[in-house]
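Structure data (CSV, C-alpha atoms) from upload.csv:
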chain,number,residue,atom,x,y,z
N,1,MET,CA,13.6,41.6,-10.1
N,2,PRO,CA,11.8,38.4,-10.9
N,3,ALA,CA,8.0,38.8,-10.4
N,4,GLU,CA,7.8,35.9,-7.8
N,5,LEU,CA,10.4,37.7,-5.6
N,6,LYS,CA,9.1,41.2,-6.1
N,7,ALA,CA,5.8,40.3,-4.3
N,8,VAL,CA,7.7,39.1,-1.2
N,9,GLU,CA,11.0,41.0,-0.9
N,10,LEU,CA,9.8,44.5,-1.8
N,11,PRO,CA,7.0,44.8,0.9
N,12,GLN,CA,9.4,43.3,3.5
N,13,GLY,CA,12.1,45.8,2.7
N,14,ILE,CA,9.8,48.8,2.7
N,15,ARG,CA,8.2,47.8,5.9
N,16,SER,CA,11.6,47.3,7.6
N,17,VAL,CA,13.2,50.6,6.6
N,18,LYS,CA,10.0,52.5,7.5
N,19,GLU,CA,10.3,51.0,11.0
N,20,GLY,CA,13.9,52.2,11.1
N,21,GLU,CA,15.5,48.8,10.6
N,22,GLN,CA,18.1,47.5,8.2
N,23,PHE,CA,16.8,44.8,5.9
N,24,HIS,CA,19.3,42.2,4.5
N,25,ILE,CA,18.9,39.3,2.1
N,26,SER,CA,22.1,37.2,1.9
N,27,GLU,CA,21.1,35.5,-1.4
N,28,THR,CA,18.5,36.3,-4.0
N,29,LYS,CA,18.0,36.7,-7.8
N,30,ARG,CA,17.9,39.7,-10.1
N,31,ILE,CA,17.9,40.2,-13.9
N,32,ASP,CA,20.8,42.1,-15.3
N,33,ARG,CA,20.8,44.5,-18.3
N,34,ASN,CA,21.4,41.6,-20.7
N,35,GLY,CA,18.3,39.7,-19.4
N,36,ASP,CA,20.5,37.1,-17.5
N,37,VAL,CA,19.7,35.9,-14.0
N,38,ILE,CA,22.4,36.8,-11.5
N,39,TYR,CA,22.7,36.1,-7.7
N,40,VAL,CA,23.0,39.1,-5.4
N,41,SER,CA,23.0,40.0,-1.7
N,42,VAL,CA,20.8,43.0,-0.9
N,43,THR,CA,21.1,45.4,2.0
N,44,THR,CA,18.4,48.1,2.5
N,45,PHE,CA,18.6,50.8,5.2
N,46,PRO,CA,16.7,53.9,6.1
N,47,LEU,CA,18.0,57.5,5.4
N,48,TYR,CA,17.3,60.4,7.7
N,49,ASN,CA,17.4,64.2,7.2
N,50,LEU,CA,19.1,66.8,9.4
N,51,HIS,CA,16.2,66.7,11.8
N,52,GLN,CA,16.5,62.9,12.2
N,53,LYS,CA,13.3,62.3,10.4
N,54,PHE,CA,12.9,59.4,7.9
N,55,ASP,CA,13.7,60.8,4.4
N,56,GLY,CA,13.9,57.6,2.3
N,57,TRP,CA,16.1,54.6,1.9
N,58,ALA,CA,19.2,53.3,0.1
N,59,VAL,CA,19.9,49.9,-1.3
N,60,ILE,CA,23.2,48.2,-1.8
N,61,PHE,CA,23.5,45.2,-4.2
N,62,ARG,CA,26.5,42.9,-4.3
N,63,ASP,CA,26.9,40.5,-7.2
N,64,ILE,CA,27.7,37.1,-5.7
N,65,THR,CA,27.2,35.0,-8.8
N,66,GLU,CA,30.8,34.0,-9.2
N,67,TRP,CA,31.1,33.3,-5.4
N,68,LYS,CA,28.0,31.0,-5.7
N,69,LYS,CA,29.5,29.2,-8.7
N,70,SER,CA,32.8,28.6,-6.8
N,71,GLN,CA,30.8,27.2,-3.8
N,72,GLU,CA,28.9,24.8,-6.1
N,73,MET,CA,32.2,23.7,-7.7
N,74,LEU,CA,33.7,23.0,-4.2
N,75,GLN,CA,30.7,20.9,-3.4
N,76,GLN,CA,30.9,19.0,-6.6
N,77,SER,CA,34.6,18.4,-6.1
N,78,GLU,CA,34.0,17.0,-2.7
N,79,LYS,CA,31.2,14.8,-3.9
N,80,LEU,CA,33.5,13.3,-6.7
N,81,SER,CA,36.2,12.8,-4.1
N,82,VAL,CA,33.9,10.8,-1.9
N,83,ALA,CA,32.5,8.8,-4.8
N,84,GLY,CA,36.0,7.7,-5.7
N,85,GLN,CA,36.8,6.7,-2.2
N,86,LEU,CA,33.7,4.6,-2.0
N,87,ALA,CA,34.5,2.7,-5.1
N,88,ALA,CA,36.1,-0.4,-3.4
N,89,GLY,CA,33.1,-0.9,-1.0
N,90,ILE,CA,30.6,-0.4,-3.8
N,91,ALA,CA,32.4,-2.8,-6.1
N,92,HIS,CA,32.3,-5.4,-3.4
N,93,GLU,CA,28.6,-4.7,-2.7
N,94,ILE,CA,27.7,-5.1,-6.4
N,95,ARG,CA,29.9,-8.2,-6.9
N,96,ASN,CA,27.9,-10.2,-4.3
N,97,PRO,CA,24.5,-10.0,-6.1
N,98,ILE,CA,26.2,-10.5,-9.5
N,99,THR,CA,27.7,-13.8,-8.2
N,100,SER,CA,24.3,-14.8,-7.0
N,101,VAL,CA,22.6,-14.1,-10.3
N,102,LYS,CA,25.4,-15.9,-12.2
N,103,GLY,CA,24.9,-19.0,-9.9
N,104,PHE,CA,21.2,-19.2,-10.5
N,105,LEU,CA,21.6,-18.8,-14.2
N,106,GLN,CA,24.0,-21.8,-14.2
N,107,LEU,CA,21.4,-23.8,-12.2
N,108,MET,CA,18.7,-22.9,-14.7
N,109,GLN,CA,20.9,-24.1,-17.6
N,110,THR,CA,21.2,-27.5,-15.9
N,111,GLY,CA,17.4,-27.6,-15.5
N,112,TYR,CA,17.7,-28.0,-11.7
N,113,GLY,CA,15.1,-26.5,-9.4
N,114,GLU,CA,12.1,-24.2,-9.8
N,115,LYS,CA,12.9,-21.5,-12.4
N,116,GLU,CA,10.1,-19.2,-11.1
N,117,GLU,CA,11.8,-19.1,-7.6
N,118,TYR,CA,15.2,-18.4,-9.2
N,119,MET,CA,13.7,-15.5,-11.2
N,120,GLU,CA,12.3,-13.9,-8.1
N,121,ILE,CA,15.7,-14.1,-6.3
N,122,MET,CA,17.6,-12.8,-9.4
N,123,THR,CA,15.1,-9.9,-9.8
N,124,SER,CA,15.6,-9.0,-6.1
N,125,GLU,CA,19.4,-9.0,-6.5
N,126,ILE,CA,19.3,-6.9,-9.7
N,127,ASP,CA,17.0,-4.4,-7.9
N,128,ARG,CA,19.7,-4.2,-5.1
N,129,ILE,CA,22.4,-3.4,-7.7
N,130,GLU,CA,20.1,-0.7,-9.2
N,131,ILE,CA,19.6,0.9,-5.8
N,132,ILE,CA,23.4,1.0,-5.1
N,133,LEU,CA,24.3,2.4,-8.5
N,134,GLY,CA,21.5,4.9,-8.2
N,135,GLU,CA,22.8,6.2,-4.9
N,136,LEU,CA,26.3,6.5,-6.4
N,137,LEU,CA,25.1,8.4,-9.5
N,138,ILE,CA,23.2,10.8,-7.3
N,139,LEU,CA,26.4,11.4,-5.3
N,140,ALA,CA,28.7,11.9,-8.4
N,141,LYS,CA,26.4,13.6,-10.9
N,142,PRO,CA,25.9,17.4,-10.7
N,143,GLN,CA,22.4,18.2,-9.5
N,144,ILE,CA,20.2,21.2,-9.6
N,145,THR,CA,19.5,22.3,-6.0
N,146,LYS,CA,15.9,21.4,-5.3
N,147,TYR,CA,14.2,21.7,-1.9
N,148,GLU,CA,11.4,19.2,-1.2
N,149,GLN,CA,9.9,17.6,1.9
N,150,ALA,CA,11.8,14.4,2.7
N,151,ASN,CA,11.9,11.9,5.5
N,152,ALA,CA,15.2,12.3,7.4
N,153,GLN,CA,15.1,8.7,8.6
N,154,LYS,CA,14.8,7.3,5.0
N,155,LEU,CA,17.7,9.4,3.9
N,156,LEU,CA,19.8,8.0,6.8
N,157,GLU,CA,18.8,4.5,5.9
N,158,HIS,CA,19.8,4.9,2.3
N,159,VAL,CA,23.2,6.3,3.3
N,160,VAL,CA,23.7,3.4,5.8
N,161,ALA,CA,22.8,0.9,3.1
N,162,LEU,CA,25.4,2.5,0.8
N,163,LEU,CA,28.2,2.5,3.3
N,164,GLY,CA,27.4,-0.7,5.2
N,165,THR,CA,29.6,-2.9,3.0
N,166,GLN,CA,32.5,-0.5,3.2
N,167,GLY,CA,32.2,-0.7,7.0
N,168,ASN,CA,32.1,-4.5,7.0
N,169,LEU,CA,35.3,-4.6,5.0
N,170,HIS,CA,37.0,-2.7,7.8
N,171,ASN,CA,35.2,-4.5,10.7
N,172,ILE,CA,33.0,-1.5,11.4
N,173,SER,CA,29.3,-1.9,12.3
N,174,ILE,CA,26.7,0.9,12.0
N,175,SER,CA,23.9,0.9,14.5
N,176,THR,CA,20.8,3.1,14.3
N,177,ASP,CA,18.4,4.4,16.9
N,178,PHE,CA,15.5,6.3,15.3
N,179,GLU,CA,12.9,7.5,17.8
N,180,VAL,CA,11.0,10.0,15.7
N,181,GLU,CA,7.7,9.3,13.8
N,182,HIS,CA,7.5,11.1,10.4
N,183,PRO,CA,10.7,13.2,10.7
N,184,TYR,CA,10.2,15.3,7.6
N,185,ILE,CA,12.5,18.1,6.7
N,186,ASP,CA,12.5,20.6,3.8
N,187,CYS,CA,15.8,19.9,2.1
N,188,ASP,CA,17.8,19.1,-1.0
N,189,GLU,CA,18.1,15.3,-0.6
N,190,ASN,CA,21.4,15.1,-2.5
N,191,GLN,CA,23.1,17.7,-0.3
N,192,ILE,CA,21.8,16.2,3.0
N,193,LYS,CA,23.0,12.7,1.9
N,194,GLN,CA,26.4,14.2,1.0
N,195,VAL,CA,26.6,15.6,4.6
N,196,PHE,CA,25.7,12.2,6.2
N,197,ILE,CA,28.1,10.3,4.0
N,198,ASN,CA,30.9,12.7,4.8
N,199,PHE,CA,30.4,12.3,8.6
N,200,ILE,CA,30.1,8.5,8.5
N,201,LYS,CA,33.2,8.2,6.2
N,202,ASN,CA,35.2,10.4,8.6
N,203,SER,CA,34.2,8.1,11.5
N,204,MET,CA,35.2,5.0,9.5
N,205,GLU,CA,38.6,6.5,8.8
N,206,ALA,CA,39.1,7.3,12.5
N,207,MET,CA,38.7,3.6,13.3
N,208,PRO,CA,41.4,1.6,11.4
N,209,GLN,CA,41.1,-1.2,13.9
N,210,GLY,CA,37.3,-1.4,13.5
N,211,GLY,CA,34.5,-0.5,16.0
N,212,GLU,CA,31.0,0.8,16.0
N,213,ILE,CA,29.3,3.9,14.6
N,214,SER,CA,26.0,4.9,16.3
N,215,ILE,CA,23.5,7.1,14.6
N,216,GLU,CA,20.7,8.6,16.6
N,217,LEU,CA,17.6,10.5,15.4
N,218,GLN,CA,15.5,12.4,17.9
N,219,ARG,CA,13.0,15.2,18.1
N,220,ILE,CA,14.3,17.7,20.7
N,221,GLU,CA,11.7,20.4,20.1
N,222,GLU,CA,8.4,20.5,18.3
N,223,ARG,CA,10.1,21.8,15.1
N,224,MET,CA,13.7,20.6,15.5
N,225,LEU,CA,15.4,17.3,14.9
N,226,ARG,CA,18.7,16.1,16.4
N,227,ILE,CA,20.8,13.7,14.3
N,228,CYS,CA,23.9,12.4,16.2
N,229,PHE,CA,26.9,10.5,14.8
N,230,ILE,CA,29.0,8.8,17.5
N,231,ASP,CA,32.1,6.8,16.8
N,232,GLN,CA,34.8,4.9,18.8
N,233,GLY,CA,37.7,6.4,16.9
N,234,CYS,CA,41.0,7.8,17.8
N,235,GLY,CA,39.5,11.2,18.6
N,236,ILE,CA,40.8,14.7,17.7
N,237,PRO,CA,43.3,16.7,19.9
N,238,GLU,CA,41.9,19.9,21.2
N,239,GLU,CA,44.4,22.1,19.3
N,240,ILE,CA,43.3,20.5,16.0
N,241,LEU,CA,39.6,20.5,16.9
N,242,GLU,CA,39.7,24.3,16.8
N,243,LYS,CA,40.9,24.3,13.2
N,244,ILE,CA,38.4,21.8,11.9
N,245,GLY,CA,36.2,23.5,9.3
N,246,GLN,CA,38.9,25.9,8.1
N,247,PRO,CA,39.3,25.8,4.3
N,248,PHE,CA,41.9,23.3,3.2
N,249,PHE,CA,42.9,22.3,6.7
N,250,THR,CA,43.2,18.5,6.9
N,251,THR,CA,45.0,15.9,8.9
N,252,LYS,CA,44.5,13.3,6.1
N,253,GLU,CA,47.3,12.5,3.7
N,254,ASN,CA,45.0,12.7,0.7
N,255,GLY,CA,42.4,15.0,2.2
N,256,THR,CA,41.1,18.3,0.7
N,257,GLY,CA,40.2,20.0,3.9
N,258,LEU,CA,36.8,20.9,2.3
N,259,GLY,CA,34.5,18.1,3.4
N,260,PHE,CA,33.6,19.4,6.9
N,261,MET,CA,33.5,23.0,5.8
N,262,ILE,CA,31.1,22.2,2.9
N,263,SER,CA,29.0,20.0,5.2
N,264,LYS,CA,28.6,22.8,7.8
N,265,LYS,CA,27.6,25.2,5.1
N,266,ILE,CA,25.0,22.8,3.7
N,267,ILE,CA,23.5,22.4,7.1
N,268,GLU,CA,23.4,26.2,7.7
N,269,ASP,CA,21.8,26.7,4.3
N,270,HIS,CA,19.0,24.4,5.5
N,271,GLY,CA,18.4,26.5,8.5
N,272,GLY,CA,20.3,24.1,10.8
N,273,SER,CA,23.4,24.0,13.0
N,274,MET,CA,25.9,21.5,14.2
N,275,THR,CA,28.4,20.8,17.0
N,276,LEU,CA,31.6,18.8,17.1
N,277,LYS,CA,32.9,17.2,20.3
N,278,SER,CA,35.9,14.8,20.5
N,279,LYS,CA,38.3,13.3,23.0
N,280,VAL,CA,41.5,11.5,22.1
N,281,ASP,CA,41.3,7.7,22.4
N,282,GLU,CA,37.5,7.9,23.1
N,283,GLY,CA,35.9,9.1,19.9
N,284,THR,CA,34.0,11.9,18.3
N,285,VAL,CA,30.4,13.0,18.5
N,286,ILE,CA,28.8,15.2,15.7
N,287,GLU,CA,25.4,16.6,16.4
N,288,VAL,CA,23.3,18.0,13.6
N,289,PHE,CA,20.2,20.1,14.3
N,290,LEU,CA,17.7,20.5,11.4
N,291,PRO,CA,14.2,22.2,11.5
N,292,THR,CA,11.3,19.9,10.7
N,293,GLU,CA,8.3,20.5,8.5
N,294,PRO,CA,4.7,19.7,9.1
N,295,VAL,CA,3.9,16.2,7.6
N,296,ASN,CA,2.4,16.2,4.1
N,297,GLU,CA,-0.6,13.8,4.4
N,298,ALA,CA,0.0,12.7,0.9
N,299,HIS,CA,3.4,11.2,2.0
N,300,LEU,CA,1.6,9.1,4.6
N,301,THR,CA,-0.9,7.6,2.2
N,302,THR,CA,1.5,7.1,-0.8
N,303,GLY,CA,4.6,6.1,1.2
N,304,LYS,CA,6.6,8.8,-0.4
N,305,ARG,CA,9.7,9.6,1.5
Structure re-expressed in structure tokens:
Amino acid sequence: MPAELKAVELPQGIRSVKEGEQFHISETKRIDRNGDVIYVSVTTFPLYNLHQKFDGWAVIFRDITEWKKSQEMLQQSEKLSVAGQLAAGIAHEIRNPITSVKGFLQLMQTGYGEKEEYMEIMTSEIDRIEIILGELLILAKPQITKYEQANAQKLLEHVVALLGTQGNLHNISISTDFEVEHPYIDCDENQIKQVFINFIKNSMEAMPQGGEISIELQRIEERMLRICFIDQGCGIPEEILEKIGQPFFTTKENGTGLGFMISKKIIEDHGGSMTLKSKVDEGTVIEVFLPTEPVNEAHLTTGKR
């Protein structure tokens, strides 16, 4: 057992079994006989003698390393699928600032206008391209899971910026209503962004004639955020709604049936939950509930998200 886990898990397990309770850890690390790190689930339970007195405990380890690898592969597969589907919108988003930069370069060649002003505009447009490409690379590139305190509003704003042009191409607007001050969550930013992108993309695909997607961010309890995605799409029939989230179940011609399932798992891994409500010809509402974290004062002074 790694030293940093031994100091936490061992006392918890011993305390639980001495109180007559089962102690379960769904995912943790251990070192195998070859010195390699493996992922296991651990169940510890008390043992009693013939007189029903506590007589020790037993521990069951289950190696889940391969299962964890398969889950990570599913997540990466879905991320690459989403990245490919976003290509048209992102190409359009990048082409606009490139056209602007090209035009100002041509003006500079003719000697017309103030070059300093042109340079500022071109720098701004290049920064815009860099942000878009950065978001795409984060989405497509395999990442090490890393939990840090992040501003949920900023994550939503980044995703809206990434998908806004794709929405415009299909006559879809995205509106936001953020009512929370400093909505910090302890999360893996890449995974949470993946969830938000998946939900917004699904809403877009449900509105082939255009419409509006509304995103709401609220604090419903002292330590709980509610993030709501509302669309005006075609809705989901009740008999299909029950199957959403089952592996490989999809109503899309080129769908994998993994997006919603993976999104739900990511939310649950972050200590959250979600609900899905839909009515045919009215639209769909997805509610995501995520626990908040106390604000790190350094974020307020440095502006770190």
How close does each residue of range 186-278 of chain N get to range 158-162 of chain N, giving the shortest atom pair and distance in Å to one decimal for every residue with an atom at most 12 Å away, counting only C-alpha atoms, sorted by chain and residue number, as JSON lines?
{"residue": "N:Glu189", "atom": "CA", "partner": "N:His158", "partner_atom": "CA", "distance": 10.9}
{"residue": "N:Asn190", "atom": "CA", "partner": "N:Val159", "partner_atom": "CA", "distance": 10.7}
{"residue": "N:Gln191", "atom": "CA", "partner": "N:Val159", "partner_atom": "CA", "distance": 12.0}
{"residue": "N:Ile192", "atom": "CA", "partner": "N:Val159", "partner_atom": "CA", "distance": 10.0}
{"residue": "N:Lys193", "atom": "CA", "partner": "N:Val159", "partner_atom": "CA", "distance": 6.6}
{"residue": "N:Gln194", "atom": "CA", "partner": "N:Val159", "partner_atom": "CA", "distance": 8.8}
{"residue": "N:Val195", "atom": "CA", "partner": "N:Val159", "partner_atom": "CA", "distance": 10.0}
{"residue": "N:Phe196", "atom": "CA", "partner": "N:Val159", "partner_atom": "CA", "distance": 7.0}
{"residue": "N:Ile197", "atom": "CA", "partner": "N:Val159", "partner_atom": "CA", "distance": 6.4}
{"residue": "N:Asn198", "atom": "CA", "partner": "N:Val159", "partner_atom": "CA", "distance": 10.1}
{"residue": "N:Phe199", "atom": "CA", "partner": "N:Val159", "partner_atom": "CA", "distance": 10.8}
{"residue": "N:Ile200", "atom": "CA", "partner": "N:Val160", "partner_atom": "CA", "distance": 8.6}
{"residue": "N:Lys201", "atom": "CA", "partner": "N:Val159", "partner_atom": "CA", "distance": 10.6}
{"residue": "N:Ile213", "atom": "CA", "partner": "N:Val160", "partner_atom": "CA", "distance": 10.4}
{"residue": "N:Ser214", "atom": "CA", "partner": "N:Val160", "partner_atom": "CA", "distance": 10.9}
{"residue": "N:Ile215", "atom": "CA", "partner": "N:Val160", "partner_atom": "CA", "distance": 9.5}
{"residue": "N:Phe229", "atom": "CA", "partner": "N:Val160", "partner_atom": "CA", "distance": 11.9}
*Skip Glu205 in chain N itself and residues of its chain fewer than 4 positions away, then list as number ranges by chain all residues within 10 Å of it, counting all atoms listed in the file.*
N: 167, 170, 200-201, 209-210, 233-234, 252
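Across the model, the gap from CA of Pro46 in chain N to CA of Glu19 in chain N is 8.6 Å.
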*Tell me, in Å to one decimal, how far CA of Arg62 in chain N is from CA of Asn34 in chain N.*
17.2 Å
*Work out how far apart CA of Ile185 in chain N and CA of Leu290 in chain N are and give it in Å to one decimal.*
7.4 Å
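The neighbours of Thr44 in chain N here are the residues that come within 12 Å of it, using all atoms listed in the file and leaving out any residue fewer than 5 positions away in the same chain; they are Glu9, Leu10, Pro11, Gln12, Gly13, Ile14, Arg15, Ser16, Val17, Lys18, Gly20, Glu21, Gln22, Phe23, His24, Ile25, Ser26, Gly56, Trp57, Ala58, Val59, Ile60, Phe61 and Arg62 of chain N.
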